[in-house]
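Asker: Would you mind keeping the following structure in view while I ask a few things?
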Amino acid sequence: MAITSSSVLQLNTDIRQTRVANEGVILRQNDGEILVVNDVAIHFLEMLDGKTSIDTVATALLEEYEVDSRVLLADLTAYAEELLNQGVLTET
Amino acid sequence: MQFADEFLQNADDFPRQLSGTPWGSKTVTIDFLSGPYVFDGLNQTQTEVITERFSGLVGADCTDASAAIHTHIYTLPEATFKSIDTQGWEYHMDFDYQQTYIRIVGMRFMAYIRLEPTLEAWMWTADDARLISNSAFENLFRVIVAYKLLSEGGMVLHSAGLAKNGHAWLFIGRSGAGKSTISKLGENAGMTILSDDMNAVILKDGVYLSEQLPFAGEYGQTAVTQGKFSVQGVYYLQKSEQNKITETSSARRLAELMVCSPFINTDPYRYAALANNLAALRDSVNGGTLGFSLGGGFQSLLAE
């Protein structure tokens with residue numbers, strides 16, 4: 001399922017997430033799977049509200065993280081596609 | 001399949017009121033780890049089997065009602081429940097997690113655990129003398145203990161627990177990871193087995209203490225607790241050709257702990273609190289992946 005940087009995504013309905021210090025814990029309630037993600041990832045997921053595109057989120061994250069904008073956007077898009085395929089995210 | 005469909009003839013039979021017909025007027029108080037846990041509504045037969053199973057922990061009647069966690073036990077007709085062919089069936093329960101309570105349905109029992117404002121439980125069961133042998137009592141008890149410990153900064157871990165010189169080390173892992181094996185190896189090396197299946201961790205005065213849970217496992221089914229031990233390390237188990245400890249990332253350690261913390265790790269309302277408790281534990285004790293050899297000797301790697 002291919003997405004682009006203009007895709008708008010949100011957490012799937014059975015997904016719960018919480019921040020623990022600089023990490024994020026994601027619970028997939030339907031199958032009891034737990035994912036632990038780093039600070040950037042949980043920040044990214046927190047901003048996917050079903051209204052904001054990936055590139056808008058990337059622009060916001062650039063204000064906090066010193067990374068190349070093209071690299072960040074490509075990484076976030078690839079990560080989002082991975083999570084979409086795993087059922088963590090859904091496209092709106 | 002909807003909640004309770006596997007176990008009840010009619011899922012709507014789950015009681016709508018927190019009441020019922022008690023089996024009898026007996027009460028058993030099981031005093032350990034953040035308890036006491038008081039079970040009322042029992043008949044003489046049930047009292048005897050529970051007392052026999054938890055013998056060393058069954059205490060005098062609870063005098064401090066405010067400290068006790070109460071479970072009220074009621075009877076239900078056998079016809080309420082579907083018959084389960086246990087041949088090849090792995091024991092499990094259905095959970096319905098809600099904001100302030102959870103409902104549980106299992107083989108021949110139903111339970112309601114109220115979590116707020118205070119922890120209290122109600123159980124309806126068709127089991128008389130088989131209340132222990134059918135595992136209903138014990139499986140509900142584990143869940144109650146898990147939520148009690150959660151509220152106090154602790155947790156229950158699927159783990160092998162070994163102790164020496166007042167210290168404990170826990171070894172987490174799923175079924176088949178080697179918890180019973182490492183327990184036996186540790187015992188052969190002069191360590192005390194806490195449990196090879198499930199151990200509790202409590203936070204007391206800033207120190208993490210572990211105590212065995214007197215629930216199913218090859219070892220540790222004794223109801224006589226070995227006491228509380230200061231937790232030095234929690235390691236993820238892996239069978240190996242040689243004994244070694246491999247460093248793992250803090251994120252991975254947290255994920256491993258979450259996976260091995262039953263019942264609450266799939267509770268959408270409280271898994272965040274569990275994650276916080278586990279992160280705090282992780283940051284306070286040694287950890288990593290322990291590869292252990294069947295030839296023994298792993299204990300030399302454990303720092304005190």
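We label chains A, B, ... in the order they appear in the structure tokens, count residues from 1 in each chain, and number ligands from 1 in the order shown.
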Which residues are near segment 185-192 of chain B? Cut-off 10 Å, only C-alpha atoms, ignore same chain within fewer than 6 positions. Put them as a PyMOL selection string.

Answerer: chain B and resi 161-165+168+179+226+292-300

Asker: Tell me the residues of chain B close to chain A, meaning within 8 Å using only C-alpha atoms, as JSON, numbers by chain.

Answerer: {"B": [251, 252, 254, 255, 258, 259, 265, 266, 267, 268, 271, 272, 275, 276, 279]}

Asker: Using only C-alpha atoms, which protein or nucleic acid residues come within 6 Å of Asn12 of chain A? Drop anything in the same chain fewer than 6 positions from it, and give the result as a PyMOL selection string.

Answerer: chain A and resi 88-90

Asker: Please report, as a PyMOL selection string, each residue of segment 78-218 of chain B to which DSSP assigns helix (DSSP H, G or I) when run on this structure's backbone.

Answerer: chain B and resi 78-80+129-131+136-150+179-188

Asker: If you count only C-alpha atoms, which residues fall within 12 Å of Tyr65 of chain A, apart from same-chain ones fewer than 4 positions away, as a list in words?

Answerer: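 My list of contacting residues is Asp39, Val40, His43, Phe44, Ala58, Thr59, Ala60, Leu61, Ser69, Val71 and Leu72 of chain A.
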
Asker: Interatomic distance between atom CA of Ala2 of chain A and atom CA of Asp49 of chain A?

Answerer: 19.3 Å

Asker: Applying 12 Å and only C-alpha atoms, which residues near Glu81 of chain A remain after dropping the ones on its own chain fewer than 6 positions away? List them as a ChimeraX atom specification.

Answerer: /A:1-5,7-10,54,74-75,87-91

Asker: DSSP on the backbone, strand (DSSP E) only: what residues of segment 9-250 of chain B does that give? Format it as a short mmCIF file (atom, residue, chain, number, x, y, z; two decimals) with N, CA and C atoms, in the first residue's frame.

Answerer:
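Result file is selection_33.cif:
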```cif
data_model
loop_
_atom_site.label_atom_id
_atom_site.label_comp_id
_atom_site.auth_asym_id
_atom_site.auth_seq_id
_atom_site.Cartn_x
_atom_site.Cartn_y
_atom_site.Cartn_z
N THR B 21 -26.03 -15.71 44.81
CA THR B 21 -26.23 -16.65 45.90
C THR B 21 -24.88 -17.22 46.32
N PRO B 22 -24.45 -16.90 47.54
CA PRO B 22 -23.16 -17.44 47.98
C PRO B 22 -23.21 -18.96 48.07
N LYS B 26 -18.57 -19.16 54.62
CA LYS B 26 -17.17 -19.22 55.06
C LYS B 26 -16.33 -18.15 54.37
N THR B 27 -15.27 -17.77 55.07
CA THR B 27 -14.32 -16.77 54.55
C THR B 27 -12.91 -17.33 54.69
N VAL B 28 -12.11 -17.11 53.66
CA VAL B 28 -10.70 -17.47 53.71
C VAL B 28 -9.88 -16.22 53.48
N THR B 29 -8.89 -15.99 54.31
CA THR B 29 -7.99 -14.84 54.15
C THR B 29 -6.62 -15.35 53.76
N ILE B 30 -6.15 -14.91 52.62
CA ILE B 30 -4.82 -15.31 52.14
C ILE B 30 -3.91 -14.10 52.27
N TYR B 37 -5.84 -10.82 51.08
CA TYR B 37 -6.89 -11.08 50.11
C TYR B 37 -7.95 -11.94 50.79
N VAL B 38 -9.16 -11.40 50.86
CA VAL B 38 -10.24 -12.05 51.61
C VAL B 38 -11.29 -12.57 50.63
N PHE B 39 -11.60 -13.83 50.73
CA PHE B 39 -12.58 -14.48 49.86
C PHE B 39 -13.75 -14.94 50.71
N ASP B 40 -14.94 -14.43 50.42
CA ASP B 40 -16.10 -14.82 51.22
C ASP B 40 -17.15 -15.48 50.35
N GLY B 41 -18.13 -16.05 51.00
CA GLY B 41 -19.22 -16.73 50.29
C GLY B 41 -18.91 -18.18 49.99
N LEU B 42 -17.88 -18.71 50.63
CA LEU B 42 -17.44 -20.09 50.36
C LEU B 42 -18.18 -21.09 51.22
N ILE B 69 -8.33 -6.82 50.28
CA ILE B 69 -8.95 -6.86 48.95
C ILE B 69 -9.97 -7.99 48.99
N HIS B 70 -11.23 -7.64 48.81
CA HIS B 70 -12.31 -8.59 49.00
C HIS B 70 -12.78 -9.17 47.67
N THR B 71 -13.01 -10.47 47.69
CA THR B 71 -13.65 -11.15 46.55
C THR B 71 -14.84 -11.93 47.09
N HIS B 72 -15.99 -11.70 46.47
CA HIS B 72 -17.22 -12.35 46.90
C HIS B 72 -17.54 -13.45 45.90
N ILE B 73 -17.80 -14.65 46.41
CA ILE B 73 -17.96 -15.80 45.52
C ILE B 73 -19.38 -16.32 45.57
N TYR B 74 -19.96 -16.47 44.38
CA TYR B 74 -21.35 -16.88 44.26
C TYR B 74 -21.46 -18.12 43.38
N THR B 75 -22.60 -18.77 43.52
CA THR B 75 -22.83 -19.99 42.74
C THR B 75 -23.61 -19.68 41.47
N ASP B 94 -11.32 -14.75 28.74
CA ASP B 94 -11.76 -13.59 27.96
C ASP B 94 -11.78 -12.37 28.86
N PHE B 95 -11.23 -11.28 28.39
CA PHE B 95 -11.22 -10.06 29.18
C PHE B 95 -12.03 -8.98 28.47
N ASP B 96 -12.79 -8.23 29.26
CA ASP B 96 -13.48 -7.05 28.77
C ASP B 96 -13.00 -5.87 29.62
N TYR B 97 -12.11 -5.07 29.04
CA TYR B 97 -11.50 -3.98 29.81
C TYR B 97 -12.36 -2.73 29.68
N TYR B 101 -13.49 -0.82 35.53
CA TYR B 101 -13.64 -2.23 35.91
C TYR B 101 -13.21 -3.12 34.76
N ILE B 102 -13.04 -4.38 35.07
CA ILE B 102 -12.86 -5.36 34.00
C ILE B 102 -13.76 -6.54 34.27
N ARG B 103 -14.20 -7.18 33.21
CA ARG B 103 -14.97 -8.41 33.32
C ARG B 103 -14.12 -9.54 32.75
N ILE B 104 -14.23 -10.67 33.37
CA ILE B 104 -13.46 -11.84 32.93
C ILE B 104 -14.41 -13.02 32.84
N VAL B 105 -14.25 -13.78 31.80
CA VAL B 105 -14.99 -15.04 31.69
C VAL B 105 -13.99 -16.13 31.34
N GLY B 106 -14.10 -17.24 32.05
CA GLY B 106 -13.22 -18.37 31.79
C GLY B 106 -13.97 -19.66 31.91
N PHE B 109 -16.40 -20.04 35.11
CA PHE B 109 -16.52 -18.92 36.03
C PHE B 109 -16.62 -17.59 35.27
N MET B 110 -17.17 -16.62 35.99
CA MET B 110 -17.19 -15.24 35.50
C MET B 110 -16.74 -14.37 36.66
N ALA B 111 -16.17 -13.23 36.34
CA ALA B 111 -15.74 -12.35 37.41
C ALA B 111 -15.83 -10.90 36.97
N TYR B 112 -16.06 -10.07 37.95
CA TYR B 112 -16.09 -8.62 37.75
C TYR B 112 -15.08 -8.07 38.74
N ILE B 113 -14.10 -7.32 38.26
CA ILE B 113 -13.13 -6.70 39.15
C ILE B 113 -13.30 -5.20 39.04
N ARG B 114 -13.72 -4.62 40.14
CA ARG B 114 -13.86 -3.15 40.16
C ARG B 114 -12.51 -2.57 40.54
N GLU B 120 -11.95 -4.42 44.24
CA GLU B 120 -12.85 -5.41 44.84
C GLU B 120 -13.35 -6.31 43.72
N ALA B 121 -13.65 -7.56 44.03
CA ALA B 121 -14.01 -8.50 42.97
C ALA B 121 -15.22 -9.34 43.35
N TRP B 122 -15.92 -9.77 42.32
CA TRP B 122 -17.06 -10.66 42.46
C TRP B 122 -16.87 -11.82 41.48
N MET B 123 -17.11 -13.02 41.97
CA MET B 123 -16.90 -14.20 41.13
C MET B 123 -18.14 -15.06 41.17
N TRP B 124 -18.56 -15.54 40.02
CA TRP B 124 -19.67 -16.48 39.92
C TRP B 124 -19.13 -17.75 39.28
N THR B 125 -19.34 -18.88 39.94
CA THR B 125 -18.73 -20.10 39.44
C THR B 125 -19.63 -21.30 39.66
N MET B 155 4.46 -4.95 39.81
CA MET B 155 3.97 -5.70 38.68
C MET B 155 4.14 -7.20 38.91
N VAL B 156 3.46 -7.98 38.07
CA VAL B 156 3.63 -9.43 38.03
C VAL B 156 4.37 -9.74 36.74
N LEU B 157 5.35 -10.61 36.80
CA LEU B 157 6.12 -10.95 35.61
C LEU B 157 6.15 -12.46 35.39
N HIS B 158 5.87 -12.86 34.16
CA HIS B 158 6.14 -14.25 33.78
C HIS B 158 7.64 -14.39 33.85
N SER B 159 8.13 -15.12 34.82
CA SER B 159 9.57 -15.11 35.04
C SER B 159 9.98 -16.27 35.91
N ALA B 160 11.26 -16.62 35.80
CA ALA B 160 11.87 -17.48 36.80
C ALA B 160 12.53 -16.54 37.79
N GLY B 161 12.46 -16.91 39.06
CA GLY B 161 13.07 -16.09 40.09
C GLY B 161 14.05 -16.92 40.90
N LEU B 162 15.26 -16.42 41.04
CA LEU B 162 16.27 -17.10 41.86
C LEU B 162 16.82 -16.12 42.88
N ALA B 163 17.12 -16.64 44.05
CA ALA B 163 17.58 -15.76 45.12
C ALA B 163 18.84 -16.32 45.79
N LYS B 164 19.66 -15.40 46.28
CA LYS B 164 20.83 -15.79 47.05
C LYS B 164 21.30 -14.58 47.84
N HIS B 167 19.35 -11.40 47.79
CA HIS B 167 19.11 -10.76 46.50
C HIS B 167 18.35 -11.69 45.57
N ALA B 168 17.65 -11.10 44.62
CA ALA B 168 16.90 -11.88 43.64
C ALA B 168 17.24 -11.43 42.23
N TRP B 169 17.17 -12.39 41.32
CA TRP B 169 17.32 -12.12 39.91
C TRP B 169 16.12 -12.75 39.20
N LEU B 170 15.52 -12.00 38.32
CA LEU B 170 14.38 -12.52 37.58
C LEU B 170 14.76 -12.71 36.13
N PHE B 171 14.22 -13.77 35.56
CA PHE B 171 14.54 -14.13 34.17
C PHE B 171 13.22 -14.23 33.42
N ILE B 172 13.01 -13.27 32.54
CA ILE B 172 11.74 -13.21 31.84
C ILE B 172 11.83 -13.90 30.50
N THR B 192 18.21 -20.26 45.67
CA THR B 192 16.85 -20.62 46.07
C THR B 192 15.91 -20.27 44.94
N ILE B 193 15.07 -21.23 44.56
CA ILE B 193 14.06 -20.95 43.54
C ILE B 193 12.90 -20.21 44.18
N MET B 198 6.00 -17.40 37.71
CA MET B 198 5.48 -16.05 37.90
C MET B 198 5.96 -15.49 39.23
N ASN B 199 6.52 -14.29 39.16
CA ASN B 199 7.00 -13.63 40.35
C ASN B 199 6.45 -12.22 40.42
N ALA B 200 6.30 -11.74 41.62
CA ALA B 200 5.79 -10.39 41.82
C ALA B 200 6.94 -9.46 42.19
N VAL B 201 6.83 -8.24 41.76
CA VAL B 201 7.80 -7.21 42.13
C VAL B 201 7.04 -6.07 42.77
N ILE B 202 7.45 -5.70 43.96
CA ILE B 202 6.83 -4.57 44.63
C ILE B 202 7.88 -3.50 44.86
N LEU B 203 7.42 -2.29 45.00
CA LEU B 203 8.30 -1.17 45.27
C LEU B 203 8.06 -0.74 46.70
N LYS B 204 9.07 -0.87 47.51
CA LYS B 204 8.91 -0.52 48.91
C LYS B 204 10.08 0.35 49.36
N VAL B 207 12.90 0.65 46.98
CA VAL B 207 13.63 -0.56 46.62
C VAL B 207 12.67 -1.56 45.99
N TYR B 208 13.13 -2.19 44.90
CA TYR B 208 12.30 -3.22 44.29
C TYR B 208 12.56 -4.56 44.96
N LEU B 209 11.49 -5.15 45.44
CA LEU B 209 11.56 -6.45 46.10
C LEU B 209 10.76 -7.46 45.31
N SER B 210 11.26 -8.67 45.27
CA SER B 210 10.53 -9.72 44.58
C SER B 210 10.11 -10.79 45.55
N GLU B 211 8.93 -11.32 45.30
CA GLU B 211 8.43 -12.44 46.08
C GLU B 211 7.75 -13.38 45.12
N GLN B 212 7.90 -14.65 45.37
CA GLN B 212 7.26 -15.62 44.48
C GLN B 212 5.75 -15.49 44.61
N PHE B 229 12.97 -10.43 48.41
CA PHE B 229 14.38 -10.27 48.09
C PHE B 229 14.59 -9.03 47.22
N SER B 230 15.67 -8.34 47.47
CA SER B 230 15.98 -7.14 46.70
C SER B 230 16.37 -7.52 45.28
N VAL B 231 15.68 -6.95 44.29
CA VAL B 231 15.90 -7.32 42.90
C VAL B 231 17.18 -6.67 42.38
N GLN B 232 18.09 -7.49 41.92
CA GLN B 232 19.36 -7.00 41.38
C GLN B 232 19.33 -6.88 39.86
N GLY B 233 18.59 -7.76 39.23
CA GLY B 233 18.58 -7.73 37.77
C GLY B 233 17.36 -8.46 37.22
N VAL B 234 16.93 -8.01 36.05
CA VAL B 234 15.88 -8.70 35.32
C VAL B 234 16.43 -8.93 33.92
N TYR B 235 16.57 -10.19 33.55
CA TYR B 235 17.21 -10.55 32.29
C TYR B 235 16.24 -11.29 31.38
N TYR B 236 16.40 -11.05 30.09
CA TYR B 236 15.59 -11.76 29.09
C TYR B 236 16.32 -13.05 28.76
N LEU B 237 15.63 -14.18 28.85
CA LEU B 237 16.27 -15.47 28.71
C LEU B 237 16.43 -15.94 27.28
N GLN B 238 17.57 -16.57 27.05
CA GLN B 238 17.82 -17.17 25.74
C GLN B 238 18.74 -18.36 25.94
N LYS B 239 18.36 -19.52 25.43
CA LYS B 239 19.24 -20.68 25.54
C LYS B 239 20.44 -20.44 24.63
N LYS B 244 26.44 -15.86 28.70
CA LYS B 244 26.84 -14.49 28.40
C LYS B 244 25.66 -13.57 28.62
N ILE B 245 26.00 -12.33 28.94
CA ILE B 245 24.96 -11.29 29.04
C ILE B 245 25.21 -10.31 27.91
N THR B 246 24.21 -10.09 27.11
CA THR B 246 24.30 -9.17 25.97
C THR B 246 23.48 -7.93 26.29
#
```

Asker: One decimal, in Å: what's the spacing between atom CA of Leu83 of chain A and atom CA of Glu63 of chain A?

Answerer: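 Atom CA of Glu63 of chain A lies at a distance of 23.7 Å from atom CA of Leu83 of chain A.
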
Asker: So how far away is atom CA of Leu18 of chain B from atom CA of Ala129 of chain B, in Å?

Answerer: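 We find that atom CA of Ala129 of chain B and atom CA of Leu18 of chain B lie 23.2 Å from each other.
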
Asker: Which residues, written as a PyMOL selection string, have at least one atom at most 9 Å from Gln44 of chain B, with only C-alpha atoms counted and residues fewer than 5 positions away on the same chain left out?

Answerer: chain B and resi 23-26+49

Asker: Write the residues you've just listed into a file as a PDB file, in the first residue's frame, and include all heavy atoms for each of them.

Answerer:
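And here is the file that came out, out.pdb:
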```pdb
ATOM      1  N   TRP B  23     -22.056 -19.582  47.943  1.00  0.00           N
ATOM      2  CA  TRP B  23     -21.959 -21.025  48.154  1.00  0.00           C
ATOM      3  C   TRP B  23     -22.165 -21.341  49.635  1.00  0.00           C
ATOM      4  O   TRP B  23     -22.717 -22.388  49.975  1.00  0.00           O
ATOM      5  CB  TRP B  23     -20.589 -21.534  47.707  1.00  0.00           C
ATOM      6  CG  TRP B  23     -20.449 -21.663  46.226  1.00  0.00           C
ATOM      7  CD1 TRP B  23     -20.038 -20.715  45.352  1.00  0.00           C
ATOM      8  CD2 TRP B  23     -20.747 -22.825  45.443  1.00  0.00           C
ATOM      9  NE1 TRP B  23     -20.038 -21.206  44.071  1.00  0.00           N
ATOM     10  CE2 TRP B  23     -20.472 -22.495  44.101  1.00  0.00           C
ATOM     11  CE3 TRP B  23     -21.201 -24.110  45.758  1.00  0.00           C
ATOM     12  CZ2 TRP B  23     -20.644 -23.408  43.059  1.00  0.00           C
ATOM     13  CZ3 TRP B  23     -21.368 -25.024  44.725  1.00  0.00           C
ATOM     14  CH2 TRP B  23     -21.094 -24.662  43.386  1.00  0.00           C
ATOM     15  N   GLY B  24     -21.673 -20.448  50.486  1.00  0.00           N
ATOM     16  CA  GLY B  24     -21.812 -20.668  51.930  1.00  0.00           C
ATOM     17  C   GLY B  24     -21.443 -19.400  52.667  1.00  0.00           C
ATOM     18  O   GLY B  24     -21.402 -18.315  52.079  1.00  0.00           O
ATOM     19  N   SER B  25     -21.159 -19.570  53.929  1.00  0.00           N
ATOM     20  CA  SER B  25     -20.872 -18.391  54.750  1.00  0.00           C
ATOM     21  C   SER B  25     -19.416 -18.340  55.212  1.00  0.00           C
ATOM     22  O   SER B  25     -19.063 -17.533  56.063  1.00  0.00           O
ATOM     23  CB  SER B  25     -21.792 -18.407  55.979  1.00  0.00           C
ATOM     24  OG  SER B  25     -21.555 -19.593  56.722  1.00  0.00           O
ATOM     25  N   LYS B  26     -18.573 -19.161  54.616  1.00  0.00           N
ATOM     26  CA  LYS B  26     -17.174 -19.218  55.057  1.00  0.00           C
ATOM     27  C   LYS B  26     -16.331 -18.146  54.372  1.00  0.00           C
ATOM     28  O   LYS B  26     -16.618 -17.727  53.255  1.00  0.00           O
ATOM     29  CB  LYS B  26     -16.569 -20.597  54.720  1.00  0.00           C
ATOM     30  CG  LYS B  26     -17.316 -21.772  55.323  1.00  0.00           C
ATOM     31  CD  LYS B  26     -17.012 -21.929  56.770  1.00  0.00           C
ATOM     32  CE  LYS B  26     -17.675 -23.199  57.307  1.00  0.00           C
ATOM     33  NZ  LYS B  26     -17.541 -23.263  58.781  1.00  0.00           N
ATOM     34  N   VAL B  49     -10.373 -26.886  50.251  1.00  0.00           N
ATOM     35  CA  VAL B  49      -9.439 -27.019  49.118  1.00  0.00           C
ATOM     36  C   VAL B  49      -8.574 -25.772  48.965  1.00  0.00           C
ATOM     37  O   VAL B  49      -7.397 -25.842  48.621  1.00  0.00           O
ATOM     38  CB  VAL B  49     -10.169 -27.372  47.792  1.00  0.00           C
ATOM     39  CG1 VAL B  49     -10.848 -28.728  47.906  1.00  0.00           C
ATOM     40  CG2 VAL B  49     -11.139 -26.312  47.357  1.00  0.00           C
TER      41      VAL B  49
END
```
